[in-house]
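Shown here: protein.txt, compact mmCIF, C-alpha atoms.
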```
# COMPACT_ATOMS: atom_id res chain seq x y z
CA MET G 27 11.10 178.86 211.69
CA ARG G 28 12.17 175.20 211.42
CA ASN G 29 12.94 174.69 207.78
CA PRO G 30 12.16 171.21 206.40
CA GLU G 31 14.43 171.88 203.41
CA PHE G 32 17.58 171.28 205.49
CA ARG G 33 17.98 167.83 204.00
CA TYR G 34 21.25 166.94 205.72
CA ARG G 35 19.86 167.37 209.24
CA PRO G 36 17.94 164.08 209.47
CA LEU G 37 20.70 162.35 207.53
CA LEU G 38 23.38 163.41 210.02
CA GLN G 39 21.16 162.51 212.96
CA GLU G 40 20.65 159.05 211.47
CA LEU G 41 24.38 158.80 210.82
CA THR G 42 25.06 159.34 214.53
CA GLY G 43 22.94 156.33 215.43
CA VAL G 44 24.57 154.15 212.77
CA VAL G 45 28.09 155.12 213.87
CA ASN G 46 27.29 154.17 217.45
CA ALA G 47 25.35 151.00 216.65
CA GLU G 48 27.86 149.63 214.15
CA GLY G 49 31.08 151.12 215.54
CA LEU G 50 31.98 152.84 212.27
CA ASP G 51 35.30 154.63 211.93
CA PRO G 52 35.38 158.10 210.27
CA TYR G 53 36.02 156.67 206.79
CA GLU G 54 33.24 154.09 207.05
CA ALA G 55 30.95 156.88 208.26
CA TYR G 56 31.91 159.00 205.26
CA TRP G 57 31.14 155.98 203.06
CA TRP G 58 27.68 155.74 204.68
CA LEU G 59 27.03 159.46 204.20
CA TYR G 60 28.33 159.37 200.62
CA GLU G 61 26.06 156.50 199.57
CA ASN G 62 23.01 158.00 201.27
CA GLN G 63 23.46 161.42 199.71
CA VAL G 64 23.91 159.79 196.29
CA SER G 65 20.70 157.81 196.80
CA GLN G 66 18.88 161.02 197.79
CA SER G 67 20.41 163.03 194.92
CA ILE G 68 21.93 165.66 197.22
CA THR G 69 25.44 167.08 197.38
CA PRO G 70 26.87 169.28 200.12
CA GLU G 71 27.92 172.67 198.78
CA THR G 72 28.02 174.79 201.95
CA TYR G 73 29.62 173.79 205.25
CA LEU G 74 28.48 175.70 208.34
CA SER G 75 31.51 175.75 210.62
CA THR G 76 30.80 176.68 214.23
CA SER G 77 32.16 176.34 217.74
CA ILE G 78 30.45 173.53 219.63
CA THR G 79 32.44 172.99 222.85
CA SER G 80 35.11 175.69 223.06
CA GLY G 81 33.35 178.95 222.21
CA GLY G 82 29.92 180.54 222.07
CA HIS G 83 28.00 179.54 225.19
CA ALA G 84 31.17 177.93 226.60
CA ARG G 85 32.10 181.46 227.63
CA ASP G 86 29.37 181.22 230.28
CA ASP G 87 31.19 179.59 233.18
CA SER G 88 27.91 178.71 234.90
CA LEU G 89 27.01 176.13 232.24
CA GLU G 90 27.93 172.45 232.26
CA MET G 91 29.41 171.05 229.05
CA LYS G 92 26.19 169.24 228.07
CA ASP G 93 24.36 172.58 228.29
CA VAL G 94 27.10 174.34 226.31
CA ILE G 95 26.75 171.80 223.50
CA SER G 96 22.97 172.00 223.56
CA ARG G 97 22.90 175.80 223.47
CA ASN G 98 25.60 176.11 220.80
CA THR G 99 23.71 173.59 218.68
CA GLU G 100 20.51 175.62 219.03
CA SER G 101 22.33 178.89 218.31
CA ALA G 102 23.82 177.43 215.13
CA ARG G 103 20.41 176.09 214.07
CA LEU G 104 18.76 179.48 214.52
CA LEU G 105 21.51 181.25 212.63
CA ALA G 106 21.45 178.76 209.75
CA GLU G 107 17.70 179.10 209.38
CA GLN G 108 17.97 182.89 209.24
CA LEU G 109 20.71 182.62 206.60
CA ALA G 110 18.37 180.41 204.58
CA ALA G 111 15.47 182.82 205.07
CA ASP G 112 17.68 185.65 203.82
CA ALA G 113 18.66 183.56 200.77
CA GLN G 114 22.33 183.47 201.74
CA ILE G 115 22.54 179.68 201.75
CA ASP G 116 20.62 176.90 200.05
CA PRO G 117 19.36 174.74 202.95
CA ARG G 118 19.08 171.71 200.68
CA SER G 119 22.87 171.58 200.22
CA ALA G 120 24.01 172.99 203.58
CA ILE G 121 25.73 170.57 205.92
CA GLU G 122 25.85 171.35 209.64
CA PRO G 123 28.31 169.51 211.91
CA VAL G 124 26.20 170.30 214.99
CA PHE G 125 23.69 167.69 213.83
CA VAL G 126 26.14 164.85 214.40
CA GLY G 127 25.69 163.89 218.03
CA LYS G 128 27.88 162.10 220.54
CA THR G 129 29.84 159.13 219.15
CA HIS G 130 32.76 156.94 220.21
CA TRP G 131 35.17 159.07 218.13
CA ASN G 132 37.87 161.26 219.64
CA GLN G 133 38.56 164.75 218.33
CA ALA G 134 41.15 163.58 215.81
CA GLU G 135 38.65 161.11 214.34
CA PHE G 136 35.98 163.80 214.11
CA MET G 137 38.45 165.91 212.12
CA GLU G 138 39.18 162.96 209.79
CA PHE G 139 35.46 162.67 209.11
CA TRP G 140 34.73 166.35 208.57
CA LEU G 141 37.81 166.96 206.41
CA SER G 142 36.67 164.02 204.28
CA VAL G 143 33.23 165.63 203.98
CA ILE G 144 34.62 169.06 203.09
CA GLY G 145 37.13 167.48 200.71
CA GLY G 146 34.31 165.62 198.97
CA TYR G 147 36.37 162.55 198.08
CA GLN G 148 34.62 160.52 195.39
CA PHE G 149 34.20 156.76 195.09
CA THR G 150 33.81 154.46 192.09
CA PRO G 151 30.37 152.82 191.83
CA GLY G 152 30.77 149.12 192.57
CA PHE G 153 34.18 149.65 194.17
CA VAL G 154 33.27 151.91 197.07
CA ALA G 155 34.68 149.60 199.78
CA ARG G 156 37.99 149.49 197.91
CA ASP G 157 38.10 153.26 197.51
CA VAL G 158 37.21 153.90 201.16
CA ASP G 159 40.05 151.62 202.24
CA ALA G 160 42.40 153.40 199.84
CA LEU G 161 41.41 156.81 201.26
CA ARG G 162 41.99 155.60 204.83
CA LYS G 163 45.37 154.07 203.96
CA ALA G 164 46.54 157.12 202.02
CA ALA G 165 45.63 159.44 204.89
CA HIS G 166 47.24 157.29 207.57
CA GLN G 167 50.40 156.77 205.54
CA ALA G 168 50.66 160.54 205.14
CA PHE G 169 50.06 160.96 208.91
CA ASP G 170 52.98 158.61 209.58
CA ALA G 171 55.19 160.40 207.06
CA ILE G 172 54.79 163.75 208.84
CA GLU G 173 54.74 162.14 212.31
CA LEU G 174 51.29 163.46 213.12
CA ASP G 175 50.66 163.11 216.86
CA THR G 176 46.96 162.30 217.23
CA ASN G 177 47.50 161.67 220.94
CA LEU G 178 48.56 165.29 221.31
CA MET G 179 45.52 166.40 219.30
CA THR G 180 43.22 164.68 221.78
CA SER G 181 45.20 165.59 224.90
CA LYS G 182 44.43 168.26 227.48
CA ALA G 183 47.36 170.37 226.30
CA SER G 184 46.66 174.01 225.46
CA ALA G 185 45.12 174.91 222.12
CA GLU G 186 48.37 176.63 221.14
CA ILE G 187 50.31 173.38 221.61
CA ARG G 188 47.74 171.20 219.85
CA ALA G 189 47.17 173.55 216.92
CA SER G 190 50.20 172.42 214.89
CA GLU G 191 48.89 168.84 214.78
CA TYR G 192 45.44 169.99 213.62
CA PHE G 193 46.98 171.98 210.78
CA LYS G 194 49.23 169.04 209.84
CA MET G 195 46.10 166.94 209.40
CA SER G 196 44.53 169.66 207.26
CA SER G 197 47.60 169.68 205.00
CA VAL G 198 47.44 165.89 204.63
CA PHE G 199 43.83 165.96 203.41
CA ALA G 200 44.54 168.86 201.07
CA GLY G 201 47.55 166.94 199.76
CA LEU G 202 45.36 163.97 198.86
CA ILE G 203 43.45 166.22 196.47
CA THR G 204 46.64 167.79 195.12
CA ASP G 205 48.06 164.31 194.50
CA GLY G 206 45.11 163.41 192.34
CA LYS G 207 42.56 161.81 194.65
CA ASP G 208 39.17 162.12 192.92
CA ALA G 209 37.26 164.80 194.81
CA ASN G 210 34.35 167.22 194.56
CA PRO G 211 35.10 169.62 197.43
CA ILE G 212 32.55 171.79 199.16
CA THR G 213 32.61 175.23 197.57
CA THR G 214 31.84 177.42 200.60
CA VAL G 215 32.69 177.29 204.29
CA VAL G 216 30.69 179.72 206.43
CA ARG G 217 32.17 180.89 209.72
CA MET G 218 29.30 180.82 212.17
CA ILE G 219 29.68 181.32 215.95
CA ASP G 220 32.99 182.05 217.67
CA THR G 221 35.04 180.02 215.19
CA ASP G 222 38.32 181.59 216.32
CA MET G 223 37.79 179.86 219.68
CA SER G 224 37.60 176.40 218.10
CA LEU G 225 40.66 174.52 216.82
CA GLY G 226 38.34 172.38 214.72
CA SER G 227 36.81 175.45 213.06
CA GLN G 228 40.22 177.01 212.51
CA THR G 229 41.38 173.79 210.84
CA GLU G 230 38.30 173.70 208.63
CA ARG G 231 39.00 177.28 207.54
CA ALA G 232 42.64 176.46 206.78
CA PHE G 233 41.62 173.38 204.80
CA ALA G 234 39.04 175.35 202.84
CA ARG G 235 41.70 177.81 201.77
CA GLN G 236 44.10 175.01 200.84
CA ILE G 237 41.56 173.44 198.48
CA GLY G 238 40.32 176.73 197.03
CA ALA G 239 36.92 176.90 198.74
CA ARG G 240 35.46 180.27 199.71
CA VAL G 241 35.49 181.19 203.39
CA MET G 242 32.61 183.47 204.33
CA ASN G 243 31.82 185.61 207.38
CA ILE G 244 28.34 186.71 208.45
CA ALA G 245 27.49 190.40 208.36
CA ILE G 246 24.18 192.18 208.79
CA VAL G 247 22.69 194.86 206.61
CA LYS G 248 19.60 197.03 206.83
CA PRO G 249 17.51 197.15 203.67
CA ALA G 250 15.29 200.16 203.23
CA GLN G 251 12.12 200.28 205.33
CA THR G 252 12.73 197.08 207.28
CA GLU G 253 12.19 196.34 210.92
CA ASP G 254 14.51 195.51 213.78
CA LEU G 255 16.05 192.04 213.92
CA ALA G 256 14.28 191.42 217.21
CA VAL G 257 10.96 191.81 215.40
CA VAL G 258 11.98 189.68 212.44
CA ASN G 259 13.49 186.88 214.55
CA HIS G 260 13.27 187.67 218.26
CA VAL G 261 14.62 184.26 219.32
CA LEU G 262 17.79 184.67 217.26
CA ALA G 263 18.16 188.26 218.42
CA ALA G 264 17.94 187.28 222.10
CA ASP G 265 20.32 184.37 221.67
CA THR G 266 22.85 186.47 219.77
CA ALA G 267 22.65 189.28 222.31
CA GLN G 268 23.49 186.79 225.05
CA LEU G 269 26.45 185.40 223.10
CA ILE G 270 27.79 188.89 222.43
CA ARG G 271 27.39 189.83 226.08
CA PHE G 272 29.78 187.01 227.01
CA GLY G 273 32.23 188.10 224.30
CA ALA G 274 31.44 185.64 221.52
CA THR G 275 31.92 186.62 217.89
CA VAL G 276 28.72 186.45 215.85
CA PHE G 277 27.44 189.86 214.73
CA ASP G 278 26.21 192.94 216.55
CA THR G 279 22.45 193.21 217.14
CA ARG G 280 22.54 196.78 218.46
CA ASN G 281 22.42 198.57 215.10
CA ASN G 282 18.83 197.68 214.17
CA LYS G 283 19.99 195.71 211.15
CA VAL G 284 17.96 192.78 210.03
CA GLN G 285 19.16 190.88 206.97
CA LEU G 286 22.07 188.46 207.22
CA LEU G 287 24.66 188.68 204.48
CA LEU G 288 27.68 186.47 203.75
CA THR G 289 30.94 188.29 203.02
CA GLU G 290 34.10 186.57 201.82
CA THR G 291 37.14 186.67 204.09
CA VAL G 292 40.47 187.80 202.67
CA ALA G 293 42.86 186.44 205.30
```
Have the structure of the file written as structure tokens, please.
Amino acid sequence: MRNPEFRYRPLLQELTGVVNAEGLDPYEAYWWLYENQVSQSITPETYLSTSITSGGHARDDSLEMKDVISRNTESARLLAEQLAADAQIDPRSAIEPVFVGKTHWNQAEFMEFWLSVIGGYQFTPGFVARDVDALRKAAHQAFDAIELDTNLMTSKASAEIRASEYFKMSSVFAGLITDGKDANPITTVVRMIDTDMSLGSQTERAFARQIGARVMNIAIVKPAQTEDLAVVNHVLAADTAQLIRFGATVFDTRNNKVQLLLTETVA
């Protein structure tokens, strides 16, 4: 069920190559994405937040990290395509972080990029380079003002210790919007697979709430006279069952429910 309407997928895959070939920083990469989505007349409205390295298949101790990333990427793809099939998201405006591959960025730089994407900072036609530089400077000045420790963010310290720095960064990017930075934020952040296990996903959720975006969970319902999920999408059912067996948070496949439904979180 590979859906060609996921228009951001090839764009993010191309972005990965450009970042690596040209050594772009997160703000230059956002500039590249911004100009390409403008040229293609698309705008991201839904952000599919998911655990990539620290949850999901990472719970399986037998897997190497490259396999964890590969399997979590595939799990997120399957889930997104089912959400689209069930008309819960518009694939044309859904942006999926799993489709950005390996780059030279550290974790703090990845967060700078994705918070820029979710924040939807806007640029003036003809003055984009100036505006990108202004966004970078404003963010870094705010980092200095609150003594953000990006070295701690990217260290091997426990998630509990690093969390405060992640949330400081979230507050900085939300503050840029509050202070009047021109922005068209994403309207909906969907919590996909095991997001409570990922500091990045937790930060994206916090940022979404700070800027007034909806944060949605995935539930499953059973419409009248429908078949089991394993019949409707046996690959997704098998993958989800495996994740649940290891303790990951997705949704329960044991209740013979077949349609995915987004429900807004309240906390």
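Comparing the minimum interatomic distances between Asn132 (chain G) and each of G:Glu107, G:Asp51, G:Asp222, G:Glu100, counting all atoms listed in the file, we find that G:Asp51 sits nearest.
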Just to confirm, what's the straight-line distance from CA of Arg188 (chain G) to CA of Leu225 (chain G) in Å (one decimal)? 8.4 Å
Quick one: contact table of region 123-180 of chain G to region 53-68 of chain G, 12 Å max, nearest atom pair and distance in Å to one decimal per residue, counting all atoms listed in the file, chain and number order, as JSON lines?
```
{"residue": "G:Val126", "atom": "CA", "partner": "G:Ala55", "partner_atom": "CA", "distance": 11.2}
{"residue": "G:Thr129", "atom": "CA", "partner": "G:Ala55", "partner_atom": "CA", "distance": 11.2}
{"residue": "G:Trp131", "atom": "CA", "partner": "G:Ala55", "partner_atom": "CA", "distance": 11.0}
{"residue": "G:Glu135", "atom": "CA", "partner": "G:Tyr53", "partner_atom": "CA", "distance": 9.1}
{"residue": "G:Phe136", "atom": "CA", "partner": "G:Tyr53", "partner_atom": "CA", "distance": 10.2}
{"residue": "G:Met137", "atom": "CA", "partner": "G:Tyr53", "partner_atom": "CA", "distance": 10.9}
{"residue": "G:Glu138", "atom": "CA", "partner": "G:Tyr53", "partner_atom": "CA", "distance": 7.7}
{"residue": "G:Phe139", "atom": "CA", "partner": "G:Tyr56", "partner_atom": "CA", "distance": 6.4}
{"residue": "G:Trp140", "atom": "CA", "partner": "G:Tyr56", "partner_atom": "CA", "distance": 8.5}
{"residue": "G:Leu141", "atom": "CA", "partner": "G:Tyr56", "partner_atom": "CA", "distance": 10.0}
{"residue": "G:Ser142", "atom": "CA", "partner": "G:Tyr56", "partner_atom": "CA", "distance": 7.0}
{"residue": "G:Val143", "atom": "CA", "partner": "G:Tyr56", "partner_atom": "CA", "distance": 6.9}
{"residue": "G:Ile144", "atom": "CA", "partner": "G:Tyr56", "partner_atom": "CA", "distance": 10.6}
{"residue": "G:Gly145", "atom": "CA", "partner": "G:Tyr56", "partner_atom": "CA", "distance": 10.9}
{"residue": "G:Gly146", "atom": "CA", "partner": "G:Tyr60", "partner_atom": "CA", "distance": 8.8}
{"residue": "G:Tyr147", "atom": "CA", "partner": "G:Tyr60", "partner_atom": "CA", "distance": 9.0}
{"residue": "G:Gln148", "atom": "CA", "partner": "G:Tyr60", "partner_atom": "CA", "distance": 8.3}
{"residue": "G:Phe149", "atom": "CA", "partner": "G:Tyr60", "partner_atom": "CA", "distance": 8.5}
{"residue": "G:Thr150", "atom": "CA", "partner": "G:Glu61", "partner_atom": "CA", "distance": 11.0}
{"residue": "G:Pro151", "atom": "CA", "partner": "G:Glu61", "partner_atom": "CA", "distance": 9.6}
{"residue": "G:Gly152", "atom": "CA", "partner": "G:Glu61", "partner_atom": "CA", "distance": 11.2}
{"residue": "G:Phe153", "atom": "CA", "partner": "G:Trp57", "partner_atom": "CA", "distance": 11.3}
{"residue": "G:Val154", "atom": "CA", "partner": "G:Trp57", "partner_atom": "CA", "distance": 7.5}
{"residue": "G:Ala155", "atom": "CA", "partner": "G:Trp57", "partner_atom": "CA", "distance": 8.0}
{"residue": "G:Arg156", "atom": "CA", "partner": "G:Trp57", "partner_atom": "CA", "distance": 10.8}
{"residue": "G:Asp157", "atom": "CA", "partner": "G:Trp57", "partner_atom": "CA", "distance": 9.3}
{"residue": "G:Val158", "atom": "CA", "partner": "G:Tyr53", "partner_atom": "CA", "distance": 6.4}
{"residue": "G:Asp159", "atom": "CA", "partner": "G:Tyr53", "partner_atom": "CA", "distance": 7.9}
{"residue": "G:Ala160", "atom": "CA", "partner": "G:Tyr53", "partner_atom": "CA", "distance": 10.0}
{"residue": "G:Leu161", "atom": "CA", "partner": "G:Tyr53", "partner_atom": "CA", "distance": 7.7}
{"residue": "G:Arg162", "atom": "CA", "partner": "G:Tyr53", "partner_atom": "CA", "distance": 6.4}
{"residue": "G:Lys163", "atom": "CA", "partner": "G:Tyr53", "partner_atom": "CA", "distance": 10.1}
{"residue": "G:Ala164", "atom": "CA", "partner": "G:Tyr53", "partner_atom": "CA", "distance": 11.6}
{"residue": "G:Ala165", "atom": "CA", "partner": "G:Tyr53", "partner_atom": "CA", "distance": 10.2}
{"residue": "G:His166", "atom": "CA", "partner": "G:Tyr53", "partner_atom": "CA", "distance": 11.3}
```
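Separating CA of Tyr192 (chain G) from CA of Ser77 (chain G) is a distance of 15.3 Å.
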Would you kindly identify which residues have an atom no farther than 9 Å from (41.7, 174.1, 202.9), using all atoms listed in the file and the file's own coordinates, and write them out as a PyMOL selection string? chain G and resi 141+144-145+196-197+199-200+229-239
Could you save those same residues with C-alpha atoms as a CSV table (one decimal), in the frame of the given file?
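Now in result25.csv:
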```csv
chain,number,residue,atom,x,y,z
G,141,LEU,CA,37.8,167.0,206.4
G,144,ILE,CA,34.6,169.1,203.1
G,145,GLY,CA,37.1,167.5,200.7
G,196,SER,CA,44.5,169.7,207.3
G,197,SER,CA,47.6,169.7,205.0
G,199,PHE,CA,43.8,166.0,203.4
G,200,ALA,CA,44.5,168.9,201.1
G,229,THR,CA,41.4,173.8,210.8
G,230,GLU,CA,38.3,173.7,208.6
G,231,ARG,CA,39.0,177.3,207.5
G,232,ALA,CA,42.6,176.5,206.8
G,233,PHE,CA,41.6,173.4,204.8
G,234,ALA,CA,39.0,175.4,202.8
G,235,ARG,CA,41.7,177.8,201.8
G,236,GLN,CA,44.1,175.0,200.8
G,237,ILE,CA,41.6,173.4,198.5
G,238,GLY,CA,40.3,176.7,197.0
G,239,ALA,CA,36.9,176.9,198.7
```
Find the distance between CA of Leu202 (chain G) and CA of Pro52 (chain G) and write it in Å to one decimal. 16.3 Å
Have a look at G:Gly43, G:Pro117, G:Gly49, G:Gly81 and name the one nearest to Glu31 (chain G); count all atoms listed in the file.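 Looking at the shortest contact to Glu31 (chain G), the residue is G:Pro117.
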Can you pull out every residue within 7 Å of Ser80 (chain G), counting all atoms listed in the file, but drop anything in the same chain fewer than 4 positions away, and send it as a PyMOL selection string? chain G and resi 84+223-224
Selected residue, from G:Arg217, G:Arg118, G:Lys182, G:Arg240, that lies nearest to Leu37 (chain G) when counting all atoms listed in the file: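 Using all atoms listed in the file, Leu37 (chain G) sits closest to G:Arg118.
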Around region 57-70 of chain G, fit a box with edges along x, y and z, padding it by 6 Å on each side, then list its centre and edge lengths in Å to one decimal as lines of an AutoDock Vina configuration file.
```
center_x = 25.0
center_y = 162.5
center_z = 199.8
size_x = 24.3
size_y = 25.5
size_z = 21.8
```
Do a neighbour search on Ile115 (chain G) at 12 Å with all atoms listed in the file, toss out local chain neighbours closer than 2 positions, and write the hits as a compact mmCIF listing (two decimals) with C-alpha atoms, in the frame of the given file.
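Produced file selection_33.txt, reproduced below:
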```
# COMPACT_ATOMS: atom_id res chain seq x y z
CA GLU G 31 14.43 171.88 203.41
CA PHE G 32 17.58 171.28 205.49
CA PRO G 70 26.87 169.28 200.12
CA GLU G 71 27.92 172.67 198.78
CA THR G 72 28.02 174.79 201.95
CA TYR G 73 29.62 173.79 205.25
CA LEU G 74 28.48 175.70 208.34
CA LEU G 105 21.51 181.25 212.63
CA ALA G 106 21.45 178.76 209.75
CA GLU G 107 17.70 179.10 209.38
CA GLN G 108 17.97 182.89 209.24
CA LEU G 109 20.71 182.62 206.60
CA ALA G 110 18.37 180.41 204.58
CA ALA G 111 15.47 182.82 205.07
CA ASP G 112 17.68 185.65 203.82
CA ALA G 113 18.66 183.56 200.77
CA PRO G 117 19.36 174.74 202.95
CA ARG G 118 19.08 171.71 200.68
CA SER G 119 22.87 171.58 200.22
CA ALA G 120 24.01 172.99 203.58
CA ILE G 121 25.73 170.57 205.92
CA GLU G 122 25.85 171.35 209.64
CA THR G 213 32.61 175.23 197.57
CA THR G 214 31.84 177.42 200.60
CA VAL G 215 32.69 177.29 204.29
CA VAL G 216 30.69 179.72 206.43
CA MET G 242 32.61 183.47 204.33
CA ILE G 244 28.34 186.71 208.45
CA LEU G 286 22.07 188.46 207.22
CA LEU G 287 24.66 188.68 204.48
CA LEU G 288 27.68 186.47 203.75
```
